[in-house]
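A.B. asks: Pasting start.txt below, which is compact mmCIF, C-alpha atoms and all ligand atoms.
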# COMPACT_ATOMS: atom_id res chain seq x y z
CA MET A 10 119.50 118.35 125.44
CA PHE A 11 116.83 115.89 126.54
CA LYS A 12 113.77 115.42 124.36
CA LYS A 13 110.45 113.87 125.23
CA ILE A 14 109.88 110.24 124.24
CA PRO A 15 108.14 109.89 120.82
CA GLY A 16 104.40 109.48 121.28
CA THR A 17 104.31 111.57 124.46
CA ARG A 18 103.28 115.23 124.69
CA ASP A 19 103.92 118.27 126.83
CA ILE A 20 100.51 119.80 127.39
CA LEU A 21 101.57 123.44 127.68
CA PRO A 22 99.65 126.05 129.71
CA ASP A 23 97.97 127.52 126.60
CA HIS A 24 96.37 124.16 125.87
CA VAL A 25 95.55 123.15 129.41
CA SER A 26 92.36 125.25 129.49
CA SER A 27 90.71 123.07 126.82
CA TRP A 28 91.82 119.91 128.65
CA GLN A 29 90.30 121.37 131.81
CA GLY A 30 87.15 122.31 129.87
CA ILE A 31 86.73 118.71 128.66
CA GLU A 32 87.40 117.40 132.17
CA ASP A 33 85.01 119.88 133.83
CA VAL A 34 82.20 119.03 131.41
CA SER A 35 82.82 115.30 131.96
CA ARG A 36 82.79 115.60 135.76
CA ARG A 37 79.54 117.57 135.65
CA LEU A 38 77.87 115.05 133.34
CA PHE A 39 79.10 111.97 135.20
CA SER A 40 77.76 113.48 138.38
CA LEU A 41 74.33 113.99 136.73
CA TYR A 42 74.30 110.25 136.03
CA ASN A 43 75.56 109.48 139.56
CA TYR A 44 78.97 108.09 138.57
CA LYS A 45 81.66 108.54 141.25
CA GLU A 46 85.30 109.30 140.51
CA ILE A 47 87.86 106.53 141.12
CA ARG A 48 91.66 106.88 140.88
CA PRO A 49 93.43 103.53 140.66
CA PRO A 50 97.25 103.39 140.35
CA LEU A 51 98.95 103.90 136.98
CA ILE A 52 101.02 100.77 137.50
CA GLU A 53 99.69 97.26 138.08
CA GLU A 54 100.87 93.68 138.00
CA ALA A 55 101.24 92.86 134.29
CA GLY A 56 99.32 89.61 134.85
CA LEU A 57 96.15 91.61 135.56
CA PHE A 58 96.07 92.73 131.92
CA ASN A 59 97.08 89.34 130.49
CA ARG A 60 94.22 87.77 132.40
CA SER A 61 91.64 90.46 131.59
CA LEU A 62 92.41 91.44 127.99
CA GLY A 63 93.60 87.97 126.95
CA ASP A 64 97.05 86.74 125.95
CA ALA A 65 96.15 87.04 122.26
CA ALA A 66 95.09 90.70 122.48
CA GLU A 67 97.33 93.05 120.51
CA ILE A 68 97.79 95.27 123.58
CA VAL A 69 99.14 92.34 125.60
CA GLN A 70 101.17 90.91 122.73
CA LYS A 71 102.90 94.06 121.60
CA GLN A 72 101.95 97.22 123.42
CA MET A 73 102.48 96.99 127.16
CA PHE A 74 105.23 99.02 128.84
CA LEU A 75 106.67 96.42 131.20
CA ILE A 76 108.99 96.87 134.16
CA GLN A 77 110.71 93.83 135.58
CA LYS A 78 111.90 93.93 139.22
CA ALA A 79 113.35 90.59 140.35
CA GLU A 80 110.49 88.12 139.94
CA ASP A 81 107.78 90.76 139.58
CA VAL A 82 106.59 92.17 136.27
CA TYR A 83 104.66 95.41 136.37
CA ALA A 84 102.88 97.22 133.55
CA LEU A 85 102.04 100.87 133.03
CA ARG A 86 98.29 100.54 132.62
CA PRO A 87 97.28 100.30 128.95
CA GLU A 88 93.60 100.82 129.86
CA GLY A 89 91.40 101.38 132.91
CA THR A 90 88.76 98.64 132.97
CA ALA A 91 90.94 95.84 134.38
CA SER A 92 92.31 98.11 137.17
CA ILE A 93 88.85 99.24 138.18
CA VAL A 94 87.45 95.73 138.34
CA ARG A 95 90.54 94.73 140.37
CA ALA A 96 89.88 97.66 142.73
CA TYR A 97 86.17 96.76 142.97
CA VAL A 98 87.01 93.18 143.97
CA GLU A 99 90.04 93.94 146.15
CA ASN A 100 88.19 96.59 148.16
CA ASN A 101 85.14 94.35 148.63
CA LEU A 102 82.86 96.86 146.96
CA ASP A 103 80.78 93.95 145.69
CA LYS A 104 79.94 93.14 149.31
CA THR A 105 79.37 96.65 150.62
CA ALA A 106 77.70 98.38 147.71
CA GLY A 107 77.04 95.75 145.05
CA PHE A 108 76.11 97.99 142.14
CA GLU A 109 78.70 100.77 141.71
CA LYS A 110 79.17 103.38 138.99
CA PHE A 111 82.68 104.80 138.53
CA PHE A 112 84.32 107.32 136.26
CA TYR A 113 88.01 108.02 135.72
CA ILE A 114 90.20 110.52 133.91
CA GLY A 115 93.88 109.90 133.39
CA PRO A 116 96.82 108.71 131.31
CA MET A 117 97.16 105.28 129.69
CA PHE A 118 100.28 103.84 128.07
CA ARG A 119 100.67 101.72 124.94
CA MET A 120 103.82 101.05 122.92
CA GLU A 121 102.34 102.03 119.54
CA ARG A 122 103.83 103.55 116.41
CA PRO A 123 103.08 107.25 117.01
CA GLN A 124 101.01 109.14 114.46
CA LYS A 125 98.09 111.57 114.35
CA GLY A 126 95.67 110.51 117.10
CA ARG A 127 97.88 107.63 118.19
CA LEU A 128 100.23 108.18 121.10
CA ARG A 129 102.21 106.14 123.59
CA GLN A 130 100.91 108.16 126.50
CA PHE A 131 97.32 109.19 125.88
CA HIS A 132 94.39 109.98 128.14
CA HIS A 133 91.09 108.30 128.82
CA ILE A 134 87.86 109.70 130.13
CA GLY A 135 85.98 106.58 130.99
CA CYS A 136 83.31 104.98 133.11
CA GLU A 137 82.55 101.51 134.42
CA ALA A 138 79.17 100.48 135.88
CA ILE A 139 79.65 97.23 137.77
CA GLY A 140 76.96 94.99 139.26
CA SER A 141 74.09 94.75 136.77
CA ARG A 142 73.19 92.93 133.58
CA ALA A 143 70.14 95.09 132.84
CA PRO A 144 69.97 96.19 129.18
CA GLU A 145 68.71 99.58 130.46
CA LEU A 146 72.20 100.10 131.84
CA ASP A 147 73.66 99.61 128.35
CA VAL A 148 71.28 102.30 127.16
CA GLU A 149 72.35 104.63 129.99
CA VAL A 150 76.04 104.13 129.24
CA ILE A 151 75.77 104.59 125.46
CA SER A 152 73.48 107.60 125.74
CA MET A 153 75.82 109.13 128.32
CA ALA A 154 78.72 108.79 125.83
CA ASP A 155 76.51 110.48 123.22
CA ASN A 156 75.68 113.31 125.65
CA LEU A 157 79.34 113.79 126.52
CA LEU A 158 80.25 114.24 122.85
CA ARG A 159 77.42 116.74 122.40
CA ALA A 160 78.61 118.61 125.48
CA PHE A 161 82.11 118.80 123.95
CA SER A 162 80.46 120.31 120.81
CA ILE A 163 81.68 117.43 118.64
CA GLU A 164 79.63 116.77 115.52
CA GLY A 165 79.68 114.21 112.73
CA TYR A 166 80.39 111.11 114.82
CA THR A 167 78.69 107.74 114.39
CA ILE A 168 77.87 105.34 117.18
CA VAL A 169 78.28 101.78 115.91
CA ILE A 170 76.96 98.94 118.06
CA ASN A 171 76.91 95.16 117.99
CA SER A 172 76.33 92.23 120.33
CA LEU A 173 78.98 89.57 120.78
CA GLY A 174 76.53 87.50 122.82
CA CYS A 175 77.45 85.32 125.78
CA ALA A 176 80.56 83.11 126.01
CA GLU A 177 78.65 80.26 124.36
CA ASP A 178 77.53 82.52 121.48
CA ARG A 179 81.09 83.74 120.98
CA LYS A 180 82.26 80.14 120.76
CA HIS A 181 79.63 79.29 118.14
CA PHE A 182 80.43 82.43 116.20
CA GLY A 183 84.17 81.63 116.28
CA GLY A 184 83.41 78.13 114.94
CA PHE A 185 81.19 79.54 112.21
CA LEU A 186 83.93 81.97 111.16
CA LYS A 187 86.58 79.22 111.13
CA ASP A 188 84.49 77.26 108.63
CA ALA A 189 83.47 80.28 106.59
CA LEU A 190 87.00 81.69 106.29
CA ASN A 191 88.85 78.43 105.82
CA ASP A 192 88.76 78.58 102.01
CA HIS A 193 89.80 82.25 102.04
CA LEU A 194 92.89 81.81 104.23
CA PRO A 195 95.46 82.36 101.45
CA ALA A 196 93.71 85.62 100.46
CA LEU A 197 93.75 87.09 103.99
CA CYS A 198 96.50 89.49 105.04
CA GLU A 199 99.41 88.17 107.09
CA ASP A 200 98.01 89.52 110.38
CA CYS A 201 94.63 87.92 109.74
CA ARG A 202 96.22 84.55 109.00
CA VAL A 203 97.71 84.75 112.52
CA ARG A 204 94.36 85.96 113.90
CA TYR A 205 92.66 82.94 112.30
CA GLY A 206 94.46 80.73 114.79
CA ARG A 207 94.60 83.07 117.80
CA ASN A 208 91.76 85.57 117.83
CA ILE A 209 89.53 84.87 114.86
CA LEU A 210 86.92 87.54 115.66
CA ARG A 211 89.51 90.25 115.04
CA ILE A 212 89.53 89.37 111.33
CA LEU A 213 86.14 91.09 111.15
CA ASP A 214 87.52 94.54 111.91
CA CYS A 215 90.72 94.27 109.88
CA LYS A 216 91.33 97.50 107.92
CA ASN A 217 92.94 95.70 104.95
CA GLU A 218 90.73 96.16 101.83
CA GLY A 219 91.11 92.52 100.71
CA CYS A 220 90.11 91.18 104.14
CA LYS A 221 87.21 93.64 104.30
CA ALA A 222 85.86 92.39 100.95
CA ILE A 223 86.01 88.76 102.13
CA VAL A 224 84.27 89.63 105.41
CA ASN A 225 81.55 91.65 103.64
CA ASN A 226 80.73 88.60 101.52
CA LEU A 227 79.99 86.57 104.65
CA SER A 228 76.67 88.49 105.10
CA LEU A 229 76.79 88.35 108.90
CA GLN A 230 73.44 88.97 110.61
CA ASN A 231 73.95 88.42 114.35
CA ALA A 232 72.67 84.88 113.67
CA HIS A 233 74.99 83.46 116.35
CA LEU A 234 73.07 85.11 119.24
CA CYS A 235 71.04 82.91 121.60
CA ASP A 236 67.44 83.98 122.44
CA VAL A 237 68.39 85.78 125.66
CA CYS A 238 71.24 87.74 124.05
CA ARG A 239 69.11 88.57 121.00
CA ASP A 240 66.33 89.87 123.29
CA ASP A 241 68.77 91.94 125.33
CA PHE A 242 70.23 93.45 122.17
CA GLU A 243 66.73 94.30 120.91
CA GLN A 244 66.00 96.05 124.21
CA VAL A 245 69.22 98.03 123.98
CA ARG A 246 68.40 99.13 120.43
CA ASN A 247 64.83 100.09 121.35
CA GLY A 248 66.01 101.98 124.43
CA LEU A 249 68.47 103.98 122.33
CA LYS A 250 65.72 104.72 119.80
CA VAL A 251 63.38 105.96 122.54
CA LEU A 252 66.10 108.33 123.84
CA GLY A 253 66.87 109.53 120.31
CA VAL A 254 70.44 108.18 120.28
CA ASN A 255 71.36 107.68 116.60
CA HIS A 256 73.31 104.51 116.02
CA GLU A 257 74.21 101.93 113.40
CA VAL A 258 74.45 98.18 113.88
CA SER A 259 77.52 96.45 112.50
CA PRO A 260 77.96 92.68 112.93
CA CYS A 261 81.66 93.26 112.11
CA LEU A 262 82.29 95.27 115.27
CA VAL A 263 84.07 92.82 117.55
CA ARG A 264 86.62 94.78 119.68
CA GLY A 265 89.99 93.28 120.41
CA LEU A 266 89.82 92.36 124.08
CA ASP A 267 88.84 89.03 125.60
CA TYR A 268 86.70 90.48 128.34
CA TYR A 269 83.88 91.74 126.10
CA THR A 270 80.50 89.98 126.05
CA GLY A 271 77.09 91.19 124.84
CA THR A 272 76.78 94.81 123.72
CA VAL A 273 79.91 96.43 122.29
CA PHE A 274 80.14 99.87 120.68
CA GLU A 275 82.52 102.27 119.05
CA ILE A 276 82.20 105.97 118.30
CA LYS A 277 83.75 106.80 114.94
CA HIS A 278 84.73 110.19 113.56
CA PRO A 279 85.98 110.90 110.02
CA THR A 280 88.62 113.55 110.88
CA LEU A 281 90.84 110.92 112.43
CA GLY A 282 91.37 108.87 109.23
CA PRO A 283 90.51 105.21 108.67
CA GLN A 284 93.35 103.72 110.75
CA GLN A 285 92.32 105.17 114.10
CA ASP A 286 88.88 106.62 113.61
CA ALA A 287 87.50 105.78 117.06
CA LEU A 288 86.91 108.64 119.49
CA GLY A 289 85.95 106.06 122.06
CA ALA A 290 84.72 102.55 122.60
CA GLY A 291 83.22 100.28 125.18
CA GLY A 292 80.93 97.43 125.96
CA ARG A 293 79.80 94.78 128.41
CA TYR A 294 82.20 92.50 130.23
CA ASP A 295 79.90 90.22 132.20
CA ASN A 296 82.56 87.60 133.00
CA LEU A 297 85.45 89.80 134.09
CA VAL A 298 84.46 90.43 137.72
CA LYS A 299 84.28 86.68 138.34
CA GLU A 300 87.46 86.10 136.35
CA LEU A 301 89.28 88.46 138.72
CA GLY A 302 87.98 86.77 141.88
CA GLY A 303 84.68 88.58 142.47
CA PRO A 304 81.08 87.42 142.21
CA GLU A 305 79.31 86.58 138.97
CA THR A 306 77.87 89.92 137.96
CA GLY A 307 77.37 92.08 134.90
CA ALA A 308 79.32 95.23 134.02
CA ILE A 309 79.64 97.74 131.20
CA GLY A 310 81.73 100.83 130.46
CA PHE A 311 83.51 102.89 127.85
CA ALA A 312 86.55 105.08 127.40
CA LEU A 313 86.99 108.17 125.22
CA GLY A 314 90.45 109.20 124.03
CA VAL A 315 90.97 112.83 125.10
CA GLU A 316 93.60 113.62 122.44
CA ARG A 317 91.19 112.41 119.74
CA LEU A 318 88.30 114.38 121.26
CA LEU A 319 90.43 117.51 121.01
CA LEU A 320 91.26 116.75 117.35
CA ALA A 321 87.57 116.30 116.53
CA ALA A 322 86.14 119.21 118.53
CA GLN A 323 85.90 122.43 116.49
CA ASN A 324 85.09 124.44 119.58
CA PRO A 325 86.07 122.50 122.69
CA PRO A 326 84.84 123.79 126.04
CA VAL A 327 87.48 125.73 127.96
CA ARG A 328 87.76 126.45 131.64
CA PRO A 329 87.55 130.25 131.97
CA ALA A 330 90.78 131.74 133.36
CA ALA A 331 90.66 133.62 136.68
CA LYS A 332 90.55 137.43 136.24
CA LEU A 333 94.10 138.63 136.78
CA VAL A 334 95.15 141.88 138.47
CA TYR A 335 98.67 142.99 137.56
CA ILE A 336 100.63 145.33 139.81
CA ILE A 337 103.23 147.65 138.32
CA PRO A 338 105.34 149.37 140.99
CA LEU A 339 107.43 152.36 139.91
CA GLY A 340 110.51 152.79 142.16
CA GLU A 341 111.96 150.88 145.13
CA ASP A 342 109.44 152.05 147.78
CA ALA A 343 106.52 151.19 145.52
CA ARG A 344 108.09 147.81 144.90
CA GLN A 345 108.14 146.98 148.63
CA HIS A 346 104.58 148.21 148.99
CA GLY A 347 103.49 146.27 145.90
CA ILE A 348 104.57 142.99 147.52
CA ILE A 349 102.30 143.67 150.50
CA LEU A 350 99.40 144.66 148.25
CA LEU A 351 99.89 141.50 146.19
CA HIS A 352 99.65 139.44 149.37
CA THR A 353 96.45 141.28 150.45
CA LEU A 354 94.74 140.71 147.09
CA ARG A 355 95.58 137.01 147.06
CA LYS A 356 94.31 136.67 150.64
CA ASN A 357 91.04 138.13 149.38
CA ASN A 358 90.80 135.52 146.59
CA ILE A 359 91.83 137.92 143.86
CA SER A 360 94.27 136.44 141.38
CA ALA A 361 97.23 138.81 141.25
CA ASP A 362 100.77 139.04 139.92
CA THR A 363 103.49 141.64 139.57
CA ASP A 364 106.54 142.64 137.62
CA TYR A 365 109.60 141.45 139.54
CA GLU A 366 111.94 142.58 136.81
CA SER A 367 111.62 146.36 137.37
CA ARG A 368 110.69 146.90 133.72
CA SER A 369 109.83 150.32 132.36
CA LEU A 370 106.13 151.23 132.56
CA LYS A 371 105.81 150.45 128.84
CA GLY A 372 107.53 147.05 129.19
CA ALA A 373 105.45 146.13 132.23
CA MET A 374 102.20 147.14 130.44
CA ARG A 375 103.18 144.91 127.52
CA ARG A 376 103.67 142.04 129.96
CA ALA A 377 100.22 142.76 131.53
CA ASN A 378 98.72 142.60 128.04
CA ASP A 379 100.45 139.27 127.28
CA LEU A 380 99.08 137.86 130.54
CA LYS A 381 95.58 139.09 129.59
CA ALA A 382 95.31 140.97 132.88
CA CYS A 383 91.88 142.53 133.50
CA TYR A 384 93.18 145.30 135.73
CA VAL A 385 96.58 146.92 136.07
CA LEU A 386 97.43 148.71 139.32
CA ILE A 387 100.17 151.32 138.93
CA ILE A 388 101.87 152.50 142.13
CA GLY A 389 104.21 155.48 141.92
CA ASP A 390 105.51 157.95 144.55
CA ASP A 391 102.33 160.06 144.35
CA GLU A 392 100.03 157.11 144.94
CA LEU A 393 102.23 155.90 147.79
CA LYS A 394 101.90 159.26 149.54
CA LYS A 395 98.12 159.31 149.13
CA ASN A 396 97.59 155.59 149.90
CA THR A 397 95.96 155.06 146.50
CA VAL A 398 96.64 153.11 143.34
CA MET A 399 96.05 154.06 139.72
CA CYS A 400 93.73 151.32 138.45
CA LYS A 401 93.47 150.69 134.72
CA ASP A 402 90.52 148.66 133.46
CA MET A 403 92.16 146.95 130.46
CA ALA A 404 88.96 146.09 128.59
CA ALA A 405 87.38 149.53 128.97
CA GLY A 406 90.72 151.36 128.57
CA LYS A 407 89.71 153.61 131.51
CA GLN A 408 91.95 154.68 134.38
CA GLU A 409 90.79 155.67 137.88
CA GLU A 410 92.57 156.53 141.14
CA ILE A 411 91.28 154.22 143.89
CA PRO A 412 91.98 154.50 147.64
CA GLU A 413 93.71 151.34 148.84
CA THR A 414 91.10 150.86 151.58
CA GLY A 415 88.39 150.37 148.96
CA LEU A 416 90.49 148.45 146.46
CA VAL A 417 89.35 144.89 147.25
CA GLU A 418 85.73 145.97 147.10
CA TYR A 419 86.33 147.82 143.82
CA LEU A 420 87.99 144.80 142.19
CA THR A 421 85.40 142.28 143.36
CA ARG A 422 82.25 144.29 142.82
P1 LIG B 501 90.07 101.09 123.59
O1 LIG B 501 89.25 101.01 122.35
O2 LIG B 501 91.33 100.33 123.62
O3 LIG B 501 89.13 100.63 124.79
O4 LIG B 501 90.39 102.60 123.91
C1 LIG B 501 89.37 103.57 123.99
C2 LIG B 501 89.74 104.82 123.21
O5 LIG B 501 91.02 105.29 123.64
C3 LIG B 501 89.92 104.62 121.71
O6 LIG B 501 88.68 104.63 121.06
C4 LIG B 501 90.75 105.84 121.35
O7 LIG B 501 89.94 107.01 121.26
C5 LIG B 501 91.64 105.98 122.57
N1 LIG B 501 92.96 105.39 122.30
C6 LIG B 501 93.30 104.10 122.35
N2 LIG B 501 94.61 103.93 122.06
C7 LIG B 501 95.11 105.16 121.82
C8 LIG B 501 96.40 105.67 121.47
N3 LIG B 501 97.45 104.88 121.32
N4 LIG B 501 96.53 107.01 121.30
C9 LIG B 501 95.48 107.85 121.45
N5 LIG B 501 94.25 107.41 121.80
C10 LIG B 501 94.05 106.10 121.97
C11 LIG B 501 89.54 100.51 126.08
O8 LIG B 501 90.59 100.89 126.49
C12 LIG B 501 88.49 99.91 126.99
N6 LIG B 501 89.05 99.85 128.34
C13 LIG B 501 87.21 100.72 126.96
C14 LIG B 501 86.17 100.18 127.89
C15 LIG B 501 85.86 100.65 129.10
N7 LIG B 501 85.45 99.10 127.67
C16 LIG B 501 84.68 98.90 128.73
N8 LIG B 501 84.94 99.83 129.60
Can you turn what I pasted into structure tokens?
C.D. replies:
Amino acid sequence: MFKKIPGTRDILPDHVSSWQGIEDVSRRLFSLYNYKEIRPPLIEEAGLFNRSLGDAAEIVQKQMFLIQKAEDVYALRPEGTASIVRAYVENNLDKTAGFEKFFYIGPMFRMERPQKGRLRQFHHIGCEAIGSRAPELDVEVISMADNLLRAFSIEGYTIVINSLGCAEDRKHFGGFLKDALNDHLPALCEDCRVRYGRNILRILDCKNEGCKAIVNNLSLQNAHLCDVCRDDFEQVRNGLKVLGVNHEVSPCLVRGLDYYTGTVFEIKHPTLGPQQDALGAGGRYDNLVKELGGPETGAIGFALGVERLLLAAQNPPVRPAAKLVYIIPLGEDARQHGIILLHTLRKNNISADTDYESRSLKGAMRRANDLKACYVLIIGDDELKKNTVMCKDMAAGKQEEIPETGLVEYLTR
């Protein structure tokens, strides 16, 4: 028997309503902020991610699902930002619209070691606002993430923010860290010794206790930021304060992808454990549009992990199920008639189903209960003769004989 690949999930019908609830709430909120849905392909040229996330990024190094066809190497998308910037540039949206706000909902793929909250196929709800460097946009994006989490009824999360500054600031900061960590190299974990040469900023968010202690002793204070970046960051912080968005600043928050500049943020939640405690993350990527062949322009976005949202939400929103009418025909003639009635109800936008298995009345009623039907329509010989149905209101436990001519009106009143 075939089994699903580790780190993938079957989202069964019983669970789909909370997925739909999360998606419905997101769509409504994104629309309030004027973000438009975009659906890029799930598969892209692998080079797009190498170029955008950086060759040293863990995702590129270890986690991409690659497919080689002759000379071409494709990747199942590990994230959405690079695809959306590619789509923005390729479709000339910079020329027609300039400033564009997108949202997306869909699966992402990373070859990770599966565990709670960490999957190989997981889902993002994300947004990307491309075409502005205004700090007010950072405030909009972070406060929108906050509002989404509130709308999902998630509590106890912390929004942590930092500024990586511009490319020049990042370079200075990298140099400062090289000097500061040089003497501590032997005490760093094996991964961080590699990071020291390849991606030094990542040492700051290493989860290893020894590395954390060394980093904490560095007393980082955003001192690497130039005047413009420091001003922008101040504006972002003030804007969040004015809107009442609680947040903490952590100079150790660096994110692992090359494209980030300026404001970065992560939303942490304790139920997920220290290894993967982020419900979502995002930040500015002011150089990526140019890097991928577009104009020099600012951009910012975030992505929330849906599986983690569902772990953290005590009471996730659910999409209400349609009210179901269940037809139980008793006998062959009633069965034929039931099929026509079923068709009529569906044509009148009433969700309806029947018992094709000719179960006993008791068995069919049990099935109606399992399906949470609101009404059961019983058709026997008597009802057939009189052109009526026996209609049972399942919640009220009441039964009434209804003429078929008035049935649609009765059920939709
Ligand atoms: P990321 O931090 O790699 O950022 O992913 C965002 C969120 O996706 C994480 O905080 C987590 O909730 C979820 N996530 C990541 N990997 C997994 C996994 N293996 N299993 C389950 N959930 C996972 C990005 O992808 C950026 N593109 C975000 C962004 C958008 N930055 C700017 N715009």
A.B. asks: So that each row is one residue of chain A with an atom at most 8 Å from ligand LIG 501 (chain B), can you give its shortest atom pair and the distance in Å to one decimal, using all atoms listed in the file, rows by chain and rising number, as CSV?
C.D. replies:
residue,atom,partner,partner_atom,distance
A:Pro87,CA,B:LIG501,O8,7.2
A:Glu88,CA,B:LIG501,O8,4.5
A:Gly89,CA,B:LIG501,N6,5.4
A:Thr90,CA,B:LIG501,N6,4.8
A:Ala91,CA,B:LIG501,N6,7.5
A:Phe118,CA,B:LIG501,N3,7.4
A:Arg119,CA,B:LIG501,N3,5.8
A:Met120,CA,B:LIG501,N3,7.6
A:Glu121,CA,B:LIG501,N3,5.9
A:Pro123,CA,B:LIG501,N3,7.5
A:Gly126,CA,B:LIG501,C9,5.1
A:Arg127,CA,B:LIG501,N4,3.4
A:Leu128,CA,B:LIG501,N4,3.9
A:Arg129,CA,B:LIG501,N3,5.4
A:Gln130,CA,B:LIG501,N4,6.9
A:Phe131,CA,B:LIG501,C9,5.0
A:His132,CA,B:LIG501,N5,6.8
A:His133,CA,B:LIG501,O5,6.0
A:Gly135,CA,B:LIG501,C15,6.2
A:Cys136,CA,B:LIG501,C15,6.4
A:Glu137,CA,B:LIG501,N8,5.6
A:Arg264,CA,B:LIG501,O1,7.3
A:Gly265,CA,B:LIG501,O2,7.9
A:Tyr269,CA,B:LIG501,C16,7.7
A:Glu275,CA,B:LIG501,O6,6.9
A:Ile276,CA,B:LIG501,O6,7.2
A:Gln285,CA,B:LIG501,C4,7.4
A:Asp286,CA,B:LIG501,O6,7.7
A:Ala287,CA,B:LIG501,O6,4.3
A:Leu288,CA,B:LIG501,O7,3.9
A:Gly289,CA,B:LIG501,O6,3.2
A:Ala290,CA,B:LIG501,O6,4.7
A:Gly291,CA,B:LIG501,N7,3.5
A:Gly292,CA,B:LIG501,C16,4.9
A:Arg293,CA,B:LIG501,C16,6.4
A:Tyr294,CA,B:LIG501,C16,7.0
A:Ile309,CA,B:LIG501,C16,5.7
A:Gly310,CA,B:LIG501,N8,3.5
A:Phe311,CA,B:LIG501,C15,3.5
A:Ala312,CA,B:LIG501,C13,4.4
A:Leu313,CA,B:LIG501,C2,4.8
A:Gly314,CA,B:LIG501,O7,3.6
A:Val315,CA,B:LIG501,O7,7.0
A:Glu316,CA,B:LIG501,C9,6.1
A:Arg317,CA,B:LIG501,O7,5.7
A:Leu318,CA,B:LIG501,O7,7.6
A.B. asks: Could you write those residues out with C-alpha atoms, as a compact mmCIF listing (two decimals), keeping the file's coordinate frame?
C.D. replies:
# COMPACT_ATOMS: atom_id res chain seq x y z
CA PRO A 87 97.28 100.30 128.95
CA GLU A 88 93.60 100.82 129.86
CA GLY A 89 91.40 101.38 132.91
CA THR A 90 88.76 98.64 132.97
CA ALA A 91 90.94 95.84 134.38
CA PHE A 118 100.28 103.84 128.07
CA ARG A 119 100.67 101.72 124.94
CA MET A 120 103.82 101.05 122.92
CA GLU A 121 102.34 102.03 119.54
CA PRO A 123 103.08 107.25 117.01
CA GLY A 126 95.67 110.51 117.10
CA ARG A 127 97.88 107.63 118.19
CA LEU A 128 100.23 108.18 121.10
CA ARG A 129 102.21 106.14 123.59
CA GLN A 130 100.91 108.16 126.50
CA PHE A 131 97.32 109.19 125.88
CA HIS A 132 94.39 109.98 128.14
CA HIS A 133 91.09 108.30 128.82
CA GLY A 135 85.98 106.58 130.99
CA CYS A 136 83.31 104.98 133.11
CA GLU A 137 82.55 101.51 134.42
CA ARG A 264 86.62 94.78 119.68
CA GLY A 265 89.99 93.28 120.41
CA TYR A 269 83.88 91.74 126.10
CA GLU A 275 82.52 102.27 119.05
CA ILE A 276 82.20 105.97 118.30
CA GLN A 285 92.32 105.17 114.10
CA ASP A 286 88.88 106.62 113.61
CA ALA A 287 87.50 105.78 117.06
CA LEU A 288 86.91 108.64 119.49
CA GLY A 289 85.95 106.06 122.06
CA ALA A 290 84.72 102.55 122.60
CA GLY A 291 83.22 100.28 125.18
CA GLY A 292 80.93 97.43 125.96
CA ARG A 293 79.80 94.78 128.41
CA TYR A 294 82.20 92.50 130.23
CA ILE A 309 79.64 97.74 131.20
CA GLY A 310 81.73 100.83 130.46
CA PHE A 311 83.51 102.89 127.85
CA ALA A 312 86.55 105.08 127.40
CA LEU A 313 86.99 108.17 125.22
CA GLY A 314 90.45 109.20 124.03
CA VAL A 315 90.97 112.83 125.10
CA GLU A 316 93.60 113.62 122.44
CA ARG A 317 91.19 112.41 119.74
CA LEU A 318 88.30 114.38 121.26
A.B. asks: With distances taken over all atoms listed in the file, which of A:Leu57, A:Ala84, A:Ala154, A:Ala176 is nearest to Leu38 of chain A?
C.D. replies: A:Ala154
A.B. asks: Kindly give the distance, in Å, that separates atom CA of Phe185 of chain A and atom CA of Cys220 of chain A, rounded to a single decimal.
C.D. replies: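 Computing it gives 16.7 Å between the two atoms.
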A.B. asks: For Leu262 of chain A, please output as a short mmCIF file (atom, residue, chain, number, x, y, z; two decimals) with C-alpha atoms, in the frame of the given file all residues within 8 Å (counting all atoms listed in the file; exclusion window: fewer than 6 positions along the same chain).
C.D. replies:
data_model
loop_
_atom_site.label_atom_id
_atom_site.label_comp_id
_atom_site.auth_asym_id
_atom_site.auth_seq_id
_atom_site.Cartn_x
_atom_site.Cartn_y
_atom_site.Cartn_z
CA VAL A 169 78.28 101.78 115.91
CA ILE A 170 76.96 98.94 118.06
CA ASN A 171 76.91 95.16 117.99
CA LEU A 213 86.14 91.09 111.15
CA ASP A 214 87.52 94.54 111.91
CA VAL A 273 79.91 96.43 122.29
CA PHE A 274 80.14 99.87 120.68
CA GLU A 275 82.52 102.27 119.05
#
A.B. asks: Please provide the set of residues having any atom within 10 Å of segment 60-66 of chain A, restricted to only C-alpha atoms, with same-chain residues fewer than 5 positions apart removed, written as a PyMOL selection string.
C.D. replies: chain A and resi 55+71-72+88+90-92+94-95+204+206-208+211+264-269+294+296-298+300-301
A.B. asks: Identify which of the residues A:Leu370, A:Val237, A:Val148, A:Leu339 lies closest to Asn255 of chain A, counting only C-alpha atoms when measuring atom-to-atom distances.
C.D. replies: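 Going through A:Leu370, A:Val237, A:Val148, A:Leu339 one by one, the smallest distance to Asn255 of chain A is for A:Val148.
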A.B. asks: Could you please give me, as an MDAnalysis selection string, the residues of protein, DNA or RNA lying at most 9 Å from (97.7, 151.4, 141.2) in the coordinate frame of the file, considering all atoms listed in the file?
C.D. replies: chainID A and resid 336:338 385:389 392 397:401 409:411 413
A.B. asks: Between A:Ile223, A:Pro50, A:Glu164, A:Val417, which one has atoms that come closest to Lys356 of chain A, using all atoms listed in the file?
C.D. replies: A:Val417
A.B. asks: If I take atom CA of Val327 of chain A and atom CA of Lys381 of chain A, how far is one from the other in Å, to one decimal?
C.D. replies: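 Separating atom CA of Val327 of chain A from atom CA of Lys381 of chain A is a distance of 15.7 Å.
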